[in-house]
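Engineer: Take a look at this one; I'll ask things after.
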Amino acid sequence: MAAAAFYDLEGTLVRTNLVHTLGFYAKNQPGLVSSLKKSAATLVSLPVFAITDQYSRKVFNDLYFKRYKGQSEDRLRFFAQELFETVLKPAIFPGTYELLEKSRSLGLRQVVVTGALDVSVDHLMAHLGITEYVANRLEFVNGLATGRLLPPVMAAATKASWIRVYAEREGLSLSDSYAYTDSMSDLPMLSIVGHPAVVNPDMRLRQTALHHDWPILNLK
């Protein structure tokens, strides 16, 4: 059977996280006063985001994506290219290109499973040559974001569930597949493939990898 390499994105293939993307869009709000207020609110929220992300990815998502409420879908898409050029492209880890090249040489399908927004990563995926990916999607009503996500919400166990369904549909062998992530919240994703690996891990994930004898990669 065919197999795939499944990648988390932020912190794994690139050094940015969701807050960098939100900060970029906040700075590009129409009107100087509005932009400054959005940027200041984002900065103030950074410690809250960090704490809730450690506590619960679901709580983090609920708090984080509410920051997009009222943003125009057209504006998000308009600035997506600039976001890629100024924020995401410079943040690609040097080792990312080599990892993807080696993975492709093994005949593995390249699949990114990320909690980032689809509109924010489309250009990055094209740059990396990845055509198969799933990302979070904002709900829009009359062209404006409601601050809610459309299901399924890509986080923690949901990523693993999506991978299982995807592999079954595409006829892929999970026992022959690989998974890469930097986050302890993605432990379910690592646990369902035959070849898990951790990338730039924090202490908890590093200890887990050592316990299971999983490869530890540094792409920085």
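We label chains A, B, ... in the order they appear in the structure tokens, count residues from 1 in each chain, and number ligands from 1 in the order shown.
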Which residues come within 6 Å of Val14 (chain A), counting only C-alpha atoms, excluding same-chain residues fewer than 4 positions away, as a ChimeraX atom specification?

Structural biologist: /A:10,91-93

Engineer: Please provide as number ranges by chain all residues within 12 Å of Pro94 (chain A), with the sequence filter that same-chain residues fewer than 3 positions apart are discarded (counting only C-alpha atoms).

Structural biologist: A: 12-15, 89-91, 97-100, 218-220

Engineer: Using only C-alpha atoms, which residue out of A:Asp118, A:Arg109, A:Tyr25, A:Leu149 lies closest to Ile130 (chain A)?

Structural biologist: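 Residue with the minimum atom-to-atom distance to Ile130 (chain A): A:Arg109.
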
Engineer: List every residue of region 26-204 of chain A that DSSP, applied to the backbone, labels as alpha helix (DSSP H), and write the result as a PyMOL selection string.

Structural biologist: chain A and resi 26-27+32-55+57-65+73-78+80-83+94-105+118-128+157-170+187-191+203-204

Engineer: Store the residues picked out above, limited to C-alpha atoms, as an mmCIF file, in the first residue's frame.

Structural biologist:
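Listed below is the output, part.cif:
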data_model
loop_
_atom_site.group_PDB
_atom_site.id
_atom_site.type_symbol
_atom_site.label_atom_id
_atom_site.label_comp_id
_atom_site.auth_asym_id
_atom_site.auth_seq_id
_atom_site.Cartn_x
_atom_site.Cartn_y
_atom_site.Cartn_z
ATOM 1 C CA ALA A 26 -4.280 43.251 13.050
ATOM 2 C CA LYS A 27 -1.626 45.674 11.784
ATOM 3 C CA LEU A 32 -4.624 53.865 11.665
ATOM 4 C CA VAL A 33 -6.551 53.994 14.953
ATOM 5 C CA SER A 34 -8.271 50.676 14.322
ATOM 6 C CA SER A 35 -4.974 49.085 13.359
ATOM 7 C CA LEU A 36 -3.203 50.314 16.471
ATOM 8 C CA LYS A 37 -6.028 49.138 18.711
ATOM 9 C CA LYS A 38 -6.039 45.687 17.115
ATOM 10 C CA SER A 39 -2.259 45.364 17.394
ATOM 11 C CA ALA A 40 -2.283 46.471 21.035
ATOM 12 C CA ALA A 41 -5.077 44.049 21.894
ATOM 13 C CA THR A 42 -3.158 41.216 20.263
ATOM 14 C CA LEU A 43 0.016 42.027 22.213
ATOM 15 C CA VAL A 44 -1.902 42.146 25.490
ATOM 16 C CA SER A 45 -3.430 38.765 24.696
ATOM 17 C CA LEU A 46 -0.122 36.973 24.082
ATOM 18 C CA PRO A 47 0.344 35.683 27.655
ATOM 19 C CA VAL A 48 -3.287 34.506 27.745
ATOM 20 C CA PHE A 49 -2.861 32.642 24.462
ATOM 21 C CA ALA A 50 0.336 30.987 25.712
ATOM 22 C CA ILE A 51 -1.261 29.801 28.959
ATOM 23 C CA THR A 52 -4.452 28.511 27.378
ATOM 24 C CA ASP A 53 -2.513 26.692 24.662
ATOM 25 C CA GLN A 54 -0.685 24.736 27.370
ATOM 26 C CA TYR A 55 -3.947 24.045 29.197
ATOM 27 C CA ARG A 57 -6.007 23.565 22.575
ATOM 28 C CA LYS A 58 -9.810 23.772 22.322
ATOM 29 C CA VAL A 59 -9.936 26.694 24.766
ATOM 30 C CA PHE A 60 -7.057 28.332 22.909
ATOM 31 C CA ASN A 61 -8.921 28.029 19.596
ATOM 32 C CA ASP A 62 -12.116 29.466 21.103
ATOM 33 C CA LEU A 63 -10.242 32.510 22.411
ATOM 34 C CA TYR A 64 -7.876 32.961 19.495
ATOM 35 C CA PHE A 65 -10.242 32.784 16.534
ATOM 36 C CA GLU A 73 -12.930 37.684 3.952
ATOM 37 C CA ASP A 74 -11.823 39.747 0.961
ATOM 38 C CA ARG A 75 -9.274 41.637 3.094
ATOM 39 C CA LEU A 76 -7.847 38.420 4.566
ATOM 40 C CA ARG A 77 -7.377 37.024 1.082
ATOM 41 C CA PHE A 78 -6.012 40.311 -0.263
ATOM 42 C CA ALA A 80 -2.464 36.631 2.144
ATOM 43 C CA GLN A 81 0.339 37.065 -0.417
ATOM 44 C CA GLU A 82 1.999 39.792 1.649
ATOM 45 C CA LEU A 83 1.635 37.628 4.776
ATOM 46 C CA PRO A 94 16.314 25.671 6.756
ATOM 47 C CA GLY A 95 15.906 21.933 7.274
ATOM 48 C CA THR A 96 12.322 21.913 6.015
ATOM 49 C CA TYR A 97 13.307 21.737 2.362
ATOM 50 C CA GLU A 98 15.672 18.810 2.965
ATOM 51 C CA LEU A 99 13.076 16.927 5.010
ATOM 52 C CA LEU A 100 10.450 17.318 2.294
ATOM 53 C CA GLU A 101 12.929 16.291 -0.401
ATOM 54 C CA LYS A 102 13.936 13.131 1.478
ATOM 55 C CA SER A 103 10.323 12.292 2.175
ATOM 56 C CA ARG A 104 9.373 12.647 -1.480
ATOM 57 C CA SER A 105 12.333 10.468 -2.494
ATOM 58 C CA ASP A 118 -6.576 27.960 5.156
ATOM 59 C CA VAL A 119 -6.467 31.488 3.717
ATOM 60 C CA SER A 120 -3.197 32.183 5.530
ATOM 61 C CA VAL A 121 -1.289 29.097 4.352
ATOM 62 C CA ASP A 122 -2.350 28.645 0.718
ATOM 63 C CA HIS A 123 0.664 30.530 -0.683
ATOM 64 C CA LEU A 124 3.045 28.758 1.709
ATOM 65 C CA MET A 125 1.771 25.349 0.613
ATOM 66 C CA ALA A 126 2.253 26.290 -3.039
ATOM 67 C CA HIS A 127 5.812 27.426 -2.282
ATOM 68 C CA LEU A 128 6.612 24.115 -0.568
ATOM 69 C CA ALA A 157 -7.262 14.325 18.576
ATOM 70 C CA THR A 158 -9.245 15.770 15.672
ATOM 71 C CA LYS A 159 -6.073 15.760 13.583
ATOM 72 C CA ALA A 160 -5.597 12.053 14.257
ATOM 73 C CA SER A 161 -9.231 11.330 13.387
ATOM 74 C CA TRP A 162 -8.910 13.266 10.135
ATOM 75 C CA ILE A 163 -5.735 11.356 9.234
ATOM 76 C CA ARG A 164 -7.449 7.999 9.857
ATOM 77 C CA VAL A 165 -10.380 8.897 7.604
ATOM 78 C CA TYR A 166 -8.076 10.356 4.957
ATOM 79 C CA ALA A 167 -5.824 7.278 4.939
ATOM 80 C CA GLU A 168 -8.778 4.918 4.613
ATOM 81 C CA ARG A 169 -10.284 6.947 1.784
ATOM 82 C CA GLU A 170 -6.989 7.212 -0.099
ATOM 83 C CA LEU A 187 0.553 13.145 20.439
ATOM 84 C CA PRO A 188 -2.544 11.378 18.998
ATOM 85 C CA MET A 189 -1.273 12.174 15.493
ATOM 86 C CA LEU A 190 2.127 10.677 16.297
ATOM 87 C CA SER A 191 0.622 7.601 17.875
ATOM 88 C CA MET A 203 10.997 19.354 27.063
ATOM 89 C CA ARG A 204 7.777 17.349 27.532
#

Engineer: Check which residues of region 81-194 of chain A sit at most 6 Å from region 67-72 of chain A using only C-alpha atoms, and return one row each with the closest pair of atoms and their distance in Å to one decimal, ordered by chain and rising number, as a tab-separated table.

Structural biologist:
residue	atom	partner	partner_atom	distance
A:Gly143	CA	A:Ser72	CA	5.9
A:Leu144	CA	A:Ser72	CA	4.6
A:Ala145	CA	A:Lys69	CA	4.9
A:Thr146	CA	A:Lys69	CA	4.8
A:Gly147	CA	A:Lys69	CA	4.1

Engineer: Fewer than 5 positions away in the same chain doesn't count, so skip those; otherwise give me all residues within 7 Å of region 6-9 of chain A, counting only C-alpha atoms, as a VMD selection string.

Structural biologist: chain A and resid 14 110 to 114 178 to 181
